[in-house]
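Inspection log for the structure reproduced underneath, given as structure tokens.
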Amino acid sequence: TYRARNDFTEDTIYRHLEPASAFQLELYRMRSYELEALPTSNQKMHLYLGKAKVKKGQEVTDYRFFIRSIIRHQDLITKEASFEYLQNEGERVLLEAMDELEVAFSHPLAKRTDCNHIFLNFGPTVIMDPAKIEESVLGMVMRYGPRLWKLRVLQAEIRFTLRI
């Protein structure tokens, strides 16, 4: 991606991304970090090492891993199918994200990272009761909390459009 604001130099963070994917991954939310894309074994996972932008001459002290993924599905028609898919696919992708973070800890700067962030974006509109989602997410937090803590994940975020 070549933008005028960058004097038409390549913005490498968008390399190998479809334009729509960049929007759905909400990369703009990480604009206060210098991002380095790291390779992953799963092309649907996007892993970045973020270094906080600081004034010239200052030392960077804030390093974080950001792992982001888009979950797509063509037809979520019934409420039961929507919930079951959301729960199963969400948990599977969360586990994959944690696996990728574990591999990322082999990066030379990994020891300096803290407050890591996981972001999962469900592409389709889902039909379900918000209370069921809350219960499901709470169950995942209780099951995987110790592992998330070990990976220094401060935030794990799920984004979706809900139709009640």
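Going by the structure tokens order, chains are called A, B, ..., each with residues numbered from 1, while ligands are numbered from 1 in the order shown.
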>> Quick check for you: according to DSSP on this backbone, which residues of chain A are classed as helix (DSSP H, G or I)? Reply as a count of residues only.
In response: 66
> Which residues come within 12 Å of Val141 in chain A, counting only C-alpha atoms, excluding same-chain residues fewer than 3 positions away, as a ChimeraX atom specification?
Replying inline: /A:91,94-95,134-138,144-149,153-157
> Could you pull the residues within 9 Å of Lys44 in chain A, counting only C-alpha atoms, minus those fewer than 5 positions along the same chain, as a ChimeraX atom specification?
Replying inline: /A:68-71
Could the residues in this selection be written to a file with C-alpha atoms, as a PDB file, in the first residue's frame?
```
ATOM      1  CA  ARG A  68      -5.451 -10.757  14.953  1.00  0.00           C
ATOM      2  CA  SER A  69      -7.742 -13.014  12.948  1.00  0.00           C
ATOM      3  CA  ILE A  70     -10.935 -12.806  10.896  1.00  0.00           C
ATOM      4  CA  ILE A  71     -13.436 -15.639  11.242  1.00  0.00           C
TER       5      ILE A  71
END
```
> Near range 106-112 of chain A, counting only C-alpha atoms, which residues have an atom at most 9 Å away, once you skip same-chain residues fewer than 6 positions from it, shown as a list in words?
Replying inline: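 Answer for this query is Leu49, Thr61, Asp62, Tyr63, Arg64 and Phe65 of chain A.
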>> I'd like the neighbourhood of Val93 in chain A as a PyMOL selection string, where a residue qualifies if any of its atoms comes within 8 Å (using only C-alpha atoms), though same-chain residues fewer than 3 positions away should be ignored.
In response: chain A and resi 69+89-90+96-97+120
> Tell me, which residues of chain A carry DSSP strand (DSSP E), written as a PyMOL selection string?
Replying inline: chain A and resi 33-38+45-52+63-71+116-127+153-163
Using the selection just defined, write its residues with N, CA and C atoms as a short mmCIF file (atom, residue, chain, number, x, y, z; two decimals), in the first residue's frame.
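Saved to part.cif:
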```cif
data_model
loop_
_atom_site.label_atom_id
_atom_site.label_comp_id
_atom_site.auth_asym_id
_atom_site.auth_seq_id
_atom_site.Cartn_x
_atom_site.Cartn_y
_atom_site.Cartn_z
N TYR A 33 1.98 2.38 17.57
CA TYR A 33 3.08 1.42 17.62
C TYR A 33 3.74 1.31 16.25
N GLU A 34 5.05 1.10 16.27
CA GLU A 34 5.77 0.70 15.06
C GLU A 34 5.56 -0.80 14.98
N LEU A 35 4.95 -1.27 13.90
CA LEU A 35 4.60 -2.69 13.80
C LEU A 35 5.54 -3.44 12.88
N GLU A 36 5.88 -4.64 13.30
CA GLU A 36 6.66 -5.56 12.48
C GLU A 36 5.83 -6.82 12.33
N ALA A 37 5.47 -7.15 11.09
CA ALA A 37 4.70 -8.37 10.85
C ALA A 37 5.62 -9.57 11.02
N LEU A 38 5.16 -10.55 11.79
CA LEU A 38 5.94 -11.76 12.02
C LEU A 38 5.27 -12.93 11.30
N MET A 45 -3.91 -16.10 10.52
CA MET A 45 -3.46 -15.41 11.74
C MET A 45 -2.48 -14.31 11.32
N HIS A 46 -2.65 -13.15 11.89
CA HIS A 46 -1.77 -12.02 11.60
C HIS A 46 -1.12 -11.60 12.91
N LEU A 47 0.19 -11.81 13.00
CA LEU A 47 0.94 -11.55 14.23
C LEU A 47 1.87 -10.37 14.01
N TYR A 48 1.84 -9.44 14.93
CA TYR A 48 2.67 -8.24 14.85
C TYR A 48 3.40 -8.03 16.16
N LEU A 49 4.65 -7.59 16.05
CA LEU A 49 5.39 -7.14 17.22
C LEU A 49 5.30 -5.62 17.20
N GLY A 50 4.72 -5.05 18.22
CA GLY A 50 4.56 -3.60 18.30
C GLY A 50 5.57 -2.99 19.25
N LYS A 51 6.21 -1.91 18.78
CA LYS A 51 7.12 -1.13 19.62
C LYS A 51 6.51 0.26 19.71
N ALA A 52 6.28 0.74 20.91
CA ALA A 52 5.63 2.04 21.09
C ALA A 52 6.43 3.12 20.38
N TYR A 63 6.80 -2.94 24.51
CA TYR A 63 6.78 -3.92 23.42
C TYR A 63 5.59 -4.84 23.65
N ARG A 64 4.85 -5.11 22.57
CA ARG A 64 3.68 -6.00 22.68
C ARG A 64 3.53 -6.84 21.43
N PHE A 65 2.95 -8.02 21.63
CA PHE A 65 2.52 -8.83 20.50
C PHE A 65 1.04 -8.55 20.28
N PHE A 66 0.67 -8.39 19.03
CA PHE A 66 -0.73 -8.26 18.64
C PHE A 66 -1.01 -9.41 17.68
N ILE A 67 -2.00 -10.23 18.00
CA ILE A 67 -2.39 -11.30 17.09
C ILE A 67 -3.85 -11.09 16.74
N ARG A 68 -4.12 -11.10 15.43
CA ARG A 68 -5.45 -10.76 14.95
C ARG A 68 -5.89 -11.78 13.91
N SER A 69 -7.20 -12.06 13.90
CA SER A 69 -7.74 -13.01 12.95
C SER A 69 -9.18 -12.65 12.59
N ILE A 70 -9.56 -12.99 11.37
CA ILE A 70 -10.93 -12.81 10.90
C ILE A 70 -11.55 -14.20 10.76
N ILE A 71 -12.73 -14.36 11.32
CA ILE A 71 -13.44 -15.64 11.24
C ILE A 71 -14.62 -15.44 10.30
N ASN A 116 0.20 -8.22 25.96
CA ASN A 116 -0.10 -8.71 24.62
C ASN A 116 -1.61 -8.72 24.39
N HIS A 117 -2.00 -8.74 23.10
CA HIS A 117 -3.40 -8.52 22.73
C HIS A 117 -3.84 -9.51 21.66
N ILE A 118 -4.99 -10.13 21.87
CA ILE A 118 -5.61 -11.03 20.88
C ILE A 118 -6.90 -10.38 20.41
N PHE A 119 -7.12 -10.37 19.10
CA PHE A 119 -8.33 -9.77 18.52
C PHE A 119 -8.91 -10.75 17.51
N LEU A 120 -10.16 -11.17 17.72
CA LEU A 120 -10.87 -12.06 16.81
C LEU A 120 -12.09 -11.33 16.28
N ASN A 121 -12.21 -11.24 14.97
CA ASN A 121 -13.32 -10.53 14.34
C ASN A 121 -14.17 -11.53 13.55
N PHE A 122 -15.40 -11.70 13.96
CA PHE A 122 -16.33 -12.56 13.23
C PHE A 122 -16.93 -11.75 12.10
N GLY A 123 -16.69 -12.20 10.86
CA GLY A 123 -17.16 -11.49 9.69
C GLY A 123 -18.67 -11.46 9.52
N PRO A 124 -19.35 -12.58 9.63
CA PRO A 124 -20.79 -12.56 9.39
C PRO A 124 -21.58 -12.04 10.59
N THR A 125 -22.80 -11.61 10.32
CA THR A 125 -23.73 -11.26 11.39
C THR A 125 -24.21 -12.56 12.02
N VAL A 126 -24.21 -12.60 13.35
CA VAL A 126 -24.65 -13.80 14.04
C VAL A 126 -25.97 -13.54 14.75
N ILE A 127 -26.78 -14.59 14.85
CA ILE A 127 -28.10 -14.49 15.46
C ILE A 127 -28.07 -15.26 16.77
N VAL A 153 -0.99 -12.07 28.06
CA VAL A 153 -2.09 -11.45 27.32
C VAL A 153 -2.91 -10.62 28.30
N LEU A 154 -2.97 -9.33 28.04
CA LEU A 154 -3.75 -8.44 28.90
C LEU A 154 -5.18 -8.32 28.38
N GLN A 155 -5.33 -8.33 27.05
CA GLN A 155 -6.65 -8.19 26.45
C GLN A 155 -6.86 -9.25 25.37
N ALA A 156 -8.02 -9.87 25.40
CA ALA A 156 -8.47 -10.74 24.33
C ALA A 156 -9.84 -10.20 23.94
N GLU A 157 -9.97 -9.85 22.69
CA GLU A 157 -11.15 -9.12 22.23
C GLU A 157 -11.87 -9.92 21.15
N ILE A 158 -13.19 -9.98 21.24
CA ILE A 158 -14.01 -10.61 20.21
C ILE A 158 -14.94 -9.54 19.66
N ARG A 159 -14.97 -9.42 18.34
CA ARG A 159 -15.84 -8.43 17.71
C ARG A 159 -16.78 -9.16 16.76
N PHE A 160 -18.06 -8.85 16.85
CA PHE A 160 -19.03 -9.40 15.91
C PHE A 160 -20.26 -8.53 15.87
N THR A 161 -21.00 -8.68 14.80
CA THR A 161 -22.27 -7.99 14.65
C THR A 161 -23.35 -8.97 15.06
N LEU A 162 -24.19 -8.55 15.98
CA LEU A 162 -25.19 -9.43 16.57
C LEU A 162 -26.58 -9.03 16.11
N ARG A 163 -27.36 -10.02 15.70
CA ARG A 163 -28.77 -9.80 15.39
C ARG A 163 -29.57 -10.62 16.38
#
```
